[in-house]
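Some notes on the structure that comes next.
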Amino acid sequence: MTFPYMISFGFFSVHPHLLFETLSYFIGFRLYLWLRRQDKDALPLDKGIWVVAGAILGAALGSKILAWLADPLQLFDNLGSIAYLMSGKTIVGGLLGGLIGVELAKKLVGHSRSTGDSFVYPLITGMAIGRIGCFLTGLEDNTHGIATSLPWGVDFGDGIPRHPAQLYEIAFLIGLAAVIHMRKRFAYEQGDLFKLFMVGYLAFRFLVDFIKPYPGVYLGLTQIQLACLAGILYYRKSLLRLFTFSQRREWNA
């Protein structure tokens with residue numbers, strides 16, 4: 001298998017990153033719309049549009065800003081380079097930026113209730129699909145792990161078996177979805193499922209980034225790891241409740 005593994009459709013081929021990223025957005029958004037129709041407490045359409053717009057804009061900005069902070073000196077040297085500023089993005093920055101965008105949009109439309117639970121399964125689905133494209137892209141996507149002697153190490157084209165961090169993330173997301181589904185059987189407050197998703201994913205990313213080949217420039221940590229810690233601290237008051245599986249939820253017939 002060679003990387004990037006181009007996806008062939010008859011007479012033409014498509015880069016895996018482009019294909020699976022497009023699929024992740026399309027399928028994730030369609031799933032969100034479907035779940036929204038099942039939710040009796042969903043925001044009215046006029047307000048919901050603003051919340052989705054806030055999520056998209058916030059995610060776009062957050063993913064870029066956190067990517068730029070990977071190397072502050074390099075960022076300073078390339079402030080005038082449009083090509084540099086347009087390159088690179090991070091899922092963690094997208095999630096945190098999207099969170100900020102949603103909260104600002106809710107204030108704008110005067111809505112105070114949590115809206116995050118309806119985003120959980122679409123986000124997990126979209127992220128898992130996107131990581132398939134990251135894996136098939138190989139080294140140029142910069143999502144691989146460091147060298148490993150473990151039997152499942154993958155040679156992405158440079159002759160070095162590496163941790164397939166992309167596959168680790170897909171497996172984790174599937175497991176996280178299962179935990180969240182189980183959590184729904186117990187009493188929880190509105191918004192808790194999204195908080196559980198965020199805390200779980202941010203904790204995973206903080207740990208998995210230790211096996212990625214990028215040096216930490218902030219006291220030995222990367223900008224992504226610091227952002228993960230900040231996100232977890234943001235939910236610190238809810239942590240005990242999120243991981244308390246006690247009272248069974250009463251379902252309405």
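The chains in the structure tokens are called A, B, ... from first to last as shown; in each chain the residues are counted from 1, and the ligands are counted from 1 in the order shown.
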Per-residue nearest contacts of stretch 129-187 of chain A to stretch 20-32 of chain A (7 Å; only C-alpha atoms) as CSV:
residue,atom,partner,partner_atom,distance
A:Ile129,CA,A:Ser24,CA,5.4
A:Gly130,CA,A:Glu21,CA,4.9
A:Ile132,CA,A:Phe20,CA,6.8
A:Gly133,CA,A:Phe20,CA,5.0
Using DSSP on the backbone coordinates, identify all residues within stretch 69-242 of chain A classified as strand (DSSP E); present the result as a PDB file with N, CA, C and O atoms, in the first residue's frame.
ATOM      1  N   VAL A 154       2.820   1.229  11.144  1.00  0.00           N
ATOM      2  CA  VAL A 154       2.549   1.409   9.709  1.00  0.00           C
ATOM      3  C   VAL A 154       3.664   2.225   9.069  1.00  0.00           C
ATOM      4  O   VAL A 154       4.056   3.273   9.595  1.00  0.00           O
ATOM      5  N   ASP A 155       4.181   1.714   7.956  1.00  0.00           N
ATOM      6  CA  ASP A 155       5.162   2.451   7.169  1.00  0.00           C
ATOM      7  C   ASP A 155       4.405   3.341   6.187  1.00  0.00           C
ATOM      8  O   ASP A 155       3.793   2.860   5.236  1.00  0.00           O
ATOM      9  N   PRO A 161       8.314   2.225  10.541  1.00  0.00           N
ATOM     10  CA  PRO A 161       7.005   1.866  11.116  1.00  0.00           C
ATOM     11  C   PRO A 161       6.620   2.887  12.191  1.00  0.00           C
ATOM     12  O   PRO A 161       7.418   3.182  13.088  1.00  0.00           O
ATOM     13  N   ARG A 162       5.440   3.425  12.071  1.00  0.00           N
ATOM     14  CA  ARG A 162       4.985   4.473  12.997  1.00  0.00           C
ATOM     15  C   ARG A 162       3.644   4.105  13.633  1.00  0.00           C
ATOM     16  O   ARG A 162       2.877   3.309  13.089  1.00  0.00           O
TER      17      ARG A 162
END
Residue among A:Phe206, A:Ile174, A:His17, A:Gly145 lying closest to A:Ile160, counting only C-alpha atoms: A:Gly145
Residue contacts of A:Ile65 (10 Å, only C-alpha atoms) excluding same-chain residues fewer than 5 positions away, as number ranges by chain: A: 59-60, 70, 85, 88-90, 93-94, 97
Report the residues of stretch 94-127 of chain A whose backbone DSSP state falls under alpha helix (DSSP H), written as a list in words. Gly94, Leu95, Leu96, Gly97, Gly98, Leu99, Ile100, Gly101, Val102, Glu103, Leu104, Ala105, Lys106, Lys107, Leu108, Val109, Val120, Tyr121, Pro122, Leu123, Ile124, Thr125, Gly126 and Met127 of chain A
Output as a tab-separated table one row per residue of stretch 148-239 of chain A within 12 Å of stretch 244-248 of chain A: the closest atom pair and its distance in Å to one decimal place, counting only C-alpha atoms, sorted by chain and residue number ascending.
residue	atom	partner	partner_atom	distance
A:Val179	CA	A:Phe245	CA	10.8
A:Ile180	CA	A:Phe245	CA	11.1
A:Met182	CA	A:Phe245	CA	9.2
A:Arg183	CA	A:Phe245	CA	7.0
A:Lys184	CA	A:Arg248	CA	9.1
A:Arg185	CA	A:Arg248	CA	6.1
A:Phe186	CA	A:Arg248	CA	4.2
A:Ala187	CA	A:Gln247	CA	5.6
A:Tyr188	CA	A:Gln247	CA	9.0
A:Glu189	CA	A:Thr244	CA	11.9
A:Asp192	CA	A:Thr244	CA	11.3
A:Leu196	CA	A:Thr244	CA	11.1
A:Ser238	CA	A:Thr244	CA	10.2
A:Leu239	CA	A:Thr244	CA	8.7
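The shortest atom-to-atom distance to A:Ala147, with only C-alpha atoms taken into account, belongs to A:Ile211 out of A:Gly231, A:Leu66, A:Pro122, A:Ile211.
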In Å to one decimal, how far is atom CA of A:Ile232 from atom CA of A:Phe194?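 Taking atom CA of A:Phe194 and atom CA of A:Ile232, their separation equals 12.4 Å.
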For atom CA of A:His111 and atom CA of A:Tyr235, the interatomic separation in Å (one decimal): 19.9 Å
